[in-house]
file entry_12.txt (compact mmCIF, N, CA and C atoms)
# COMPACT_ATOMS: atom_id res chain seq x y z
N MET A 5 -3.44 -164.39 21.76
CA MET A 5 -4.15 -163.30 22.41
C MET A 5 -5.15 -163.89 23.41
N LEU A 6 -5.17 -163.33 24.58
CA LEU A 6 -6.10 -163.79 25.59
C LEU A 6 -7.49 -163.22 25.34
N ARG A 7 -8.49 -164.02 25.66
CA ARG A 7 -9.87 -163.58 25.52
C ARG A 7 -10.14 -162.46 26.52
N PRO A 8 -10.81 -161.38 26.12
CA PRO A 8 -11.20 -160.34 27.07
C PRO A 8 -12.13 -160.91 28.14
N THR A 9 -12.03 -160.41 29.34
CA THR A 9 -12.87 -160.86 30.43
C THR A 9 -13.84 -159.75 30.83
N VAL A 10 -14.93 -160.13 31.48
CA VAL A 10 -15.96 -159.17 31.89
C VAL A 10 -15.49 -158.48 33.17
N ILE A 11 -15.45 -157.14 33.13
CA ILE A 11 -15.07 -156.39 34.32
C ILE A 11 -16.24 -155.64 34.94
N LYS A 12 -17.30 -155.42 34.15
CA LYS A 12 -18.51 -154.76 34.66
C LYS A 12 -19.73 -155.38 34.01
N VAL A 13 -20.79 -155.53 34.82
CA VAL A 13 -22.05 -156.04 34.29
C VAL A 13 -23.18 -155.25 34.91
N LYS A 14 -24.17 -154.93 34.08
CA LYS A 14 -25.36 -154.23 34.56
C LYS A 14 -26.58 -154.90 33.95
N PRO A 15 -27.50 -155.39 34.78
CA PRO A 15 -28.72 -155.97 34.24
C PRO A 15 -29.62 -154.89 33.64
N GLU A 16 -30.25 -155.21 32.53
CA GLU A 16 -31.14 -154.29 31.84
C GLU A 16 -32.51 -154.95 31.69
N PRO A 17 -33.54 -154.17 31.35
CA PRO A 17 -34.86 -154.76 31.10
C PRO A 17 -34.81 -155.80 29.98
N ASP A 18 -35.80 -156.67 29.97
CA ASP A 18 -35.97 -157.69 28.95
C ASP A 18 -34.82 -158.71 28.94
N TYR A 19 -34.24 -158.98 30.11
CA TYR A 19 -33.21 -160.01 30.28
C TYR A 19 -31.96 -159.74 29.45
N LEU A 20 -31.56 -158.49 29.40
CA LEU A 20 -30.32 -158.11 28.72
C LEU A 20 -29.26 -157.75 29.77
N LEU A 21 -28.01 -157.95 29.40
CA LEU A 21 -26.89 -157.56 30.25
C LEU A 21 -26.02 -156.58 29.48
N SER A 22 -25.71 -155.46 30.10
CA SER A 22 -24.72 -154.54 29.55
C SER A 22 -23.38 -154.97 30.12
N LEU A 23 -22.43 -155.24 29.24
CA LEU A 23 -21.14 -155.77 29.66
C LEU A 23 -20.01 -154.84 29.25
N GLU A 24 -19.01 -154.73 30.12
CA GLU A 24 -17.76 -154.06 29.76
C GLU A 24 -16.65 -155.07 29.93
N PHE A 25 -15.79 -155.15 28.91
CA PHE A 25 -14.71 -156.13 28.90
C PHE A 25 -13.37 -155.48 29.22
N SER A 26 -12.42 -156.31 29.56
CA SER A 26 -11.09 -155.84 29.97
C SER A 26 -10.36 -155.09 28.86
N ASN A 27 -10.77 -155.26 27.62
CA ASN A 27 -10.15 -154.53 26.51
C ASN A 27 -10.86 -153.22 26.21
N GLY A 28 -11.85 -152.85 27.04
CA GLY A 28 -12.58 -151.60 26.87
C GLY A 28 -13.85 -151.71 26.04
N GLU A 29 -14.05 -152.84 25.37
CA GLU A 29 -15.27 -153.00 24.57
C GLU A 29 -16.50 -153.12 25.45
N LYS A 30 -17.62 -152.62 24.94
CA LYS A 30 -18.90 -152.72 25.62
C LYS A 30 -19.87 -153.42 24.68
N LYS A 31 -20.61 -154.37 25.25
CA LYS A 31 -21.55 -155.14 24.45
C LYS A 31 -22.81 -155.38 25.27
N THR A 32 -23.90 -155.68 24.57
CA THR A 32 -25.15 -156.06 25.21
C THR A 32 -25.41 -157.52 24.88
N PHE A 33 -25.68 -158.31 25.93
CA PHE A 33 -25.89 -159.75 25.77
C PHE A 33 -27.32 -160.10 26.14
N ASP A 34 -27.98 -160.86 25.28
CA ASP A 34 -29.36 -161.29 25.50
C ASP A 34 -29.35 -162.65 26.22
N VAL A 35 -29.88 -162.68 27.42
CA VAL A 35 -29.87 -163.91 28.23
C VAL A 35 -31.11 -164.76 27.96
N LYS A 36 -32.12 -164.22 27.29
CA LYS A 36 -33.38 -164.96 27.09
C LYS A 36 -33.20 -166.38 26.57
N PRO A 37 -32.33 -166.64 25.58
CA PRO A 37 -32.20 -168.02 25.09
C PRO A 37 -31.69 -169.01 26.14
N TYR A 38 -31.09 -168.53 27.21
CA TYR A 38 -30.55 -169.40 28.26
C TYR A 38 -31.59 -169.72 29.33
N ILE A 39 -32.67 -168.95 29.38
CA ILE A 39 -33.63 -169.07 30.48
C ILE A 39 -34.61 -170.21 30.18
N LYS A 40 -34.19 -171.41 30.54
CA LYS A 40 -35.05 -172.59 30.39
C LYS A 40 -34.56 -173.65 31.36
N GLY A 41 -35.43 -174.60 31.64
CA GLY A 41 -35.08 -175.66 32.57
C GLY A 41 -35.11 -175.17 34.01
N SER A 42 -34.83 -176.06 34.91
CA SER A 42 -34.90 -175.70 36.34
C SER A 42 -33.71 -174.86 36.79
N TRP A 43 -32.54 -175.07 36.19
CA TRP A 43 -31.34 -174.36 36.64
C TRP A 43 -31.34 -172.90 36.17
N PHE A 44 -31.37 -172.67 34.88
CA PHE A 44 -31.38 -171.30 34.37
C PHE A 44 -32.76 -170.68 34.41
N GLY A 45 -33.81 -171.49 34.61
CA GLY A 45 -35.16 -170.97 34.74
C GLY A 45 -35.32 -170.02 35.91
N LYS A 46 -34.44 -170.13 36.89
CA LYS A 46 -34.48 -169.22 38.04
C LYS A 46 -34.29 -167.77 37.61
N LEU A 47 -33.65 -167.57 36.46
CA LEU A 47 -33.39 -166.21 35.97
C LEU A 47 -34.66 -165.50 35.51
N LYS A 48 -35.77 -166.23 35.36
CA LYS A 48 -37.04 -165.59 34.99
C LYS A 48 -37.49 -164.59 36.04
N ASP A 49 -37.12 -164.84 37.27
CA ASP A 49 -37.44 -163.93 38.38
C ASP A 49 -36.52 -162.70 38.25
N TYR A 50 -37.12 -161.55 37.91
CA TYR A 50 -36.31 -160.35 37.68
C TYR A 50 -35.45 -159.97 38.88
N SER A 51 -35.94 -160.17 40.09
CA SER A 51 -35.12 -159.82 41.25
C SER A 51 -33.88 -160.72 41.31
N TYR A 52 -34.04 -161.97 40.93
CA TYR A 52 -32.88 -162.87 40.89
C TYR A 52 -31.98 -162.52 39.71
N PHE A 53 -32.57 -162.28 38.54
CA PHE A 53 -31.79 -161.89 37.36
C PHE A 53 -30.93 -160.66 37.66
N ASN A 54 -31.51 -159.71 38.38
CA ASN A 54 -30.80 -158.47 38.69
C ASN A 54 -29.69 -158.65 39.71
N ALA A 55 -29.56 -159.82 40.30
CA ALA A 55 -28.50 -160.09 41.28
C ALA A 55 -27.20 -160.53 40.60
N VAL A 56 -27.12 -160.40 39.29
CA VAL A 56 -25.94 -160.80 38.53
C VAL A 56 -24.72 -159.99 38.97
N LYS A 57 -23.58 -160.65 39.00
CA LYS A 57 -22.30 -160.02 39.35
C LYS A 57 -21.24 -160.54 38.39
N THR A 58 -20.13 -159.84 38.33
CA THR A 58 -18.98 -160.36 37.60
C THR A 58 -17.97 -160.88 38.61
N ASN A 59 -17.26 -161.91 38.23
CA ASN A 59 -16.19 -162.43 39.08
C ASN A 59 -14.83 -162.09 38.47
N GLY A 60 -14.83 -161.13 37.53
CA GLY A 60 -13.60 -160.72 36.86
C GLY A 60 -13.26 -161.60 35.67
N PHE A 61 -14.11 -162.57 35.39
CA PHE A 61 -13.88 -163.48 34.27
C PHE A 61 -15.14 -163.60 33.41
N ASN A 62 -16.25 -163.91 34.09
CA ASN A 62 -17.54 -164.02 33.42
C ASN A 62 -18.60 -163.42 34.33
N VAL A 63 -19.87 -163.74 34.10
CA VAL A 63 -20.95 -163.27 34.97
C VAL A 63 -21.55 -164.47 35.68
N GLU A 64 -22.08 -164.22 36.88
CA GLU A 64 -22.68 -165.32 37.64
C GLU A 64 -23.78 -164.79 38.55
N TRP A 65 -24.64 -165.70 38.95
CA TRP A 65 -25.75 -165.39 39.84
C TRP A 65 -25.53 -166.10 41.17
N PRO A 66 -26.28 -165.73 42.21
CA PRO A 66 -26.02 -166.24 43.56
C PRO A 66 -26.00 -167.76 43.70
N ASP A 67 -26.83 -168.48 42.95
CA ASP A 67 -26.86 -169.94 43.09
C ASP A 67 -25.83 -170.65 42.21
N GLY A 68 -25.05 -169.89 41.46
CA GLY A 68 -23.98 -170.48 40.66
C GLY A 68 -24.21 -170.52 39.16
N GLN A 69 -25.35 -170.08 38.68
CA GLN A 69 -25.55 -170.01 37.23
C GLN A 69 -24.50 -169.05 36.67
N ASP A 70 -23.91 -169.43 35.56
CA ASP A 70 -22.96 -168.54 34.91
C ASP A 70 -23.03 -168.76 33.41
N ILE A 71 -22.42 -167.85 32.68
CA ILE A 71 -22.41 -167.94 31.22
C ILE A 71 -20.96 -167.87 30.77
N CYS A 72 -20.60 -168.77 29.90
CA CYS A 72 -19.24 -168.89 29.38
C CYS A 72 -18.75 -167.55 28.84
N PRO A 73 -17.52 -167.16 29.19
CA PRO A 73 -16.99 -165.89 28.68
C PRO A 73 -16.95 -165.81 27.16
N ASP A 74 -16.73 -166.95 26.48
CA ASP A 74 -16.74 -166.93 25.01
C ASP A 74 -18.12 -166.56 24.49
N ASP A 75 -19.17 -167.11 25.11
CA ASP A 75 -20.53 -166.75 24.70
C ASP A 75 -20.78 -165.27 24.93
N LEU A 76 -20.36 -164.76 26.04
CA LEU A 76 -20.58 -163.35 26.37
C LEU A 76 -19.88 -162.43 25.37
N TYR A 77 -18.70 -162.81 24.95
CA TYR A 77 -17.92 -161.94 24.08
C TYR A 77 -18.28 -162.10 22.60
N PHE A 78 -18.46 -163.34 22.16
CA PHE A 78 -18.64 -163.59 20.72
C PHE A 78 -20.10 -163.69 20.29
N ASN A 79 -21.02 -163.97 21.20
CA ASN A 79 -22.43 -164.20 20.85
C ASN A 79 -23.35 -163.13 21.38
N TYR A 80 -22.92 -161.91 21.37
CA TYR A 80 -23.75 -160.83 21.89
C TYR A 80 -24.84 -160.46 20.92

call {"tool": "encode", "arguments": {"input": "entry_12.txt", "output": "structure tokens"}}
result
Amino acid sequence: MLRPTVIKVKPEPDYLLSLEFSNGEKKTFDVKPYIKGSWFGKLKDYSYFNAVKTNGFNVEWPDGQDICPDDLYFNY
């Protein structure tokens, strides 16, 4: 069975992402544990955090930060 992929993402307050997967499931993912260091630390800026998009597989931000689809699906 193939892993479901992210087809829709919506940023929410408190660094949460509302996700919809290709199998129809909807989940909320907490990004706070990822926001550390210089690379993912950029997500602290809410305007940057809100620039999240899906590429049809996972989620990503303009400078290339992304989160593994397995984390998004299994660690919500």

call {"tool": "select_by_dssp", "arguments": {"input": "entry_12.txt", "residues": "chain A", "states": "helix (DSSP H, G or I)", "output": "compact mmCIF listing (two decimals) with N, CA and C atoms, in the coordinates of the input"}}
result
# COMPACT_ATOMS: atom_id res chain seq x y z
N PRO A 17 -33.54 -154.17 31.35
CA PRO A 17 -34.86 -154.76 31.10
C PRO A 17 -34.81 -155.80 29.98
N ASP A 18 -35.80 -156.67 29.97
CA ASP A 18 -35.97 -157.69 28.95
C ASP A 18 -34.82 -158.71 28.94
N TYR A 19 -34.24 -158.98 30.11
CA TYR A 19 -33.21 -160.01 30.28
C TYR A 19 -31.96 -159.74 29.45
N LYS A 36 -32.12 -164.22 27.29
CA LYS A 36 -33.38 -164.96 27.09
C LYS A 36 -33.20 -166.38 26.57
N PRO A 37 -32.33 -166.64 25.58
CA PRO A 37 -32.20 -168.02 25.09
C PRO A 37 -31.69 -169.01 26.14
N TYR A 38 -31.09 -168.53 27.21
CA TYR A 38 -30.55 -169.40 28.26
C TYR A 38 -31.59 -169.72 29.33
N GLY A 41 -35.43 -174.60 31.64
CA GLY A 41 -35.08 -175.66 32.57
C GLY A 41 -35.11 -175.17 34.01
N SER A 42 -34.83 -176.06 34.91
CA SER A 42 -34.90 -175.70 36.34
C SER A 42 -33.71 -174.86 36.79
N TRP A 43 -32.54 -175.07 36.19
CA TRP A 43 -31.34 -174.36 36.64
C TRP A 43 -31.34 -172.90 36.17
N PHE A 44 -31.37 -172.67 34.88
CA PHE A 44 -31.38 -171.30 34.37
C PHE A 44 -32.76 -170.68 34.41
N GLY A 45 -33.81 -171.49 34.61
CA GLY A 45 -35.16 -170.97 34.74
C GLY A 45 -35.32 -170.02 35.91
N LYS A 46 -34.44 -170.13 36.89
CA LYS A 46 -34.48 -169.22 38.04
C LYS A 46 -34.29 -167.77 37.61
N LEU A 47 -33.65 -167.57 36.46
CA LEU A 47 -33.39 -166.21 35.97
C LEU A 47 -34.66 -165.50 35.51
N LYS A 48 -35.77 -166.23 35.36
CA LYS A 48 -37.04 -165.59 34.99
C LYS A 48 -37.49 -164.59 36.04
N TYR A 50 -37.12 -161.55 37.91
CA TYR A 50 -36.31 -160.35 37.68
C TYR A 50 -35.45 -159.97 38.88
N SER A 51 -35.94 -160.17 40.09
CA SER A 51 -35.12 -159.82 41.25
C SER A 51 -33.88 -160.72 41.31
N TYR A 52 -34.04 -161.97 40.93
CA TYR A 52 -32.88 -162.87 40.89
C TYR A 52 -31.98 -162.52 39.71
N PHE A 53 -32.57 -162.28 38.54
CA PHE A 53 -31.79 -161.89 37.36
C PHE A 53 -30.93 -160.66 37.66
N PRO A 73 -17.52 -167.16 29.19
CA PRO A 73 -16.99 -165.89 28.68
C PRO A 73 -16.95 -165.81 27.16
N ASP A 74 -16.73 -166.95 26.48
CA ASP A 74 -16.74 -166.93 25.01
C ASP A 74 -18.12 -166.56 24.49
N ASP A 75 -19.17 -167.11 25.11
CA ASP A 75 -20.53 -166.75 24.70
C ASP A 75 -20.78 -165.27 24.93
N LEU A 76 -20.36 -164.76 26.04
CA LEU A 76 -20.58 -163.35 26.37
C LEU A 76 -19.88 -162.43 25.37
N TYR A 77 -18.70 -162.81 24.95
CA TYR A 77 -17.92 -161.94 24.08
C TYR A 77 -18.28 -162.10 22.60
N PHE A 78 -18.46 -163.34 22.16
CA PHE A 78 -18.64 -163.59 20.72
C PHE A 78 -20.10 -163.69 20.29

call {"tool": "residues_around", "arguments": {"input": "entry_12.txt", "residues": "region 5-21 of chain A", "least_positions_apart": "2", "cutoff": "9 Å", "atoms": "only C-alpha atoms", "output": "PyMOL selection string"}}
result
chain A and resi 23-29+31-36+47-48+50+53-63+73-74+76-77

call {"tool": "axis_aligned_box", "arguments": {"input": "entry_12.txt", "around": "region 67-77 of chain A", "padding_each_side": "4 Å", "output": "JSON"}}
result
{"center_x": -21.8, "center_y": -166.3, "center_z": 32.8, "size_x": 18.1, "size_y": 16.7, "size_z": 28.5}

call {"tool": "atom_distance", "arguments": {"input": "entry_12.txt", "atom1": "atom C of Lys30 (chain A)", "atom2": "atom C of Ser42 (chain A)"}}
result
28.2 Å

call {"tool": "select_by_dssp", "arguments": {"input": "entry_12.txt", "residues": "chain A", "states": "strand (DSSP E)", "output": "list in words"}}
result
Val10, Ile11, Lys12, Val13, Lys14, Pro15, Glu16, Leu20, Leu21, Ser22, Leu23, Glu24, Phe25, Lys30, Lys31, Thr32, Phe33, Asp34, Lys57, Thr58, Val63, Glu64, Asp70 and Ile71 of chain A

call {"tool": "atom_distance", "arguments": {"input": "entry_12.txt", "atom1": "atom C of Phe78 (chain A)", "atom2": "CA of Ser51 (chain A)"}}
result
26.1 Å
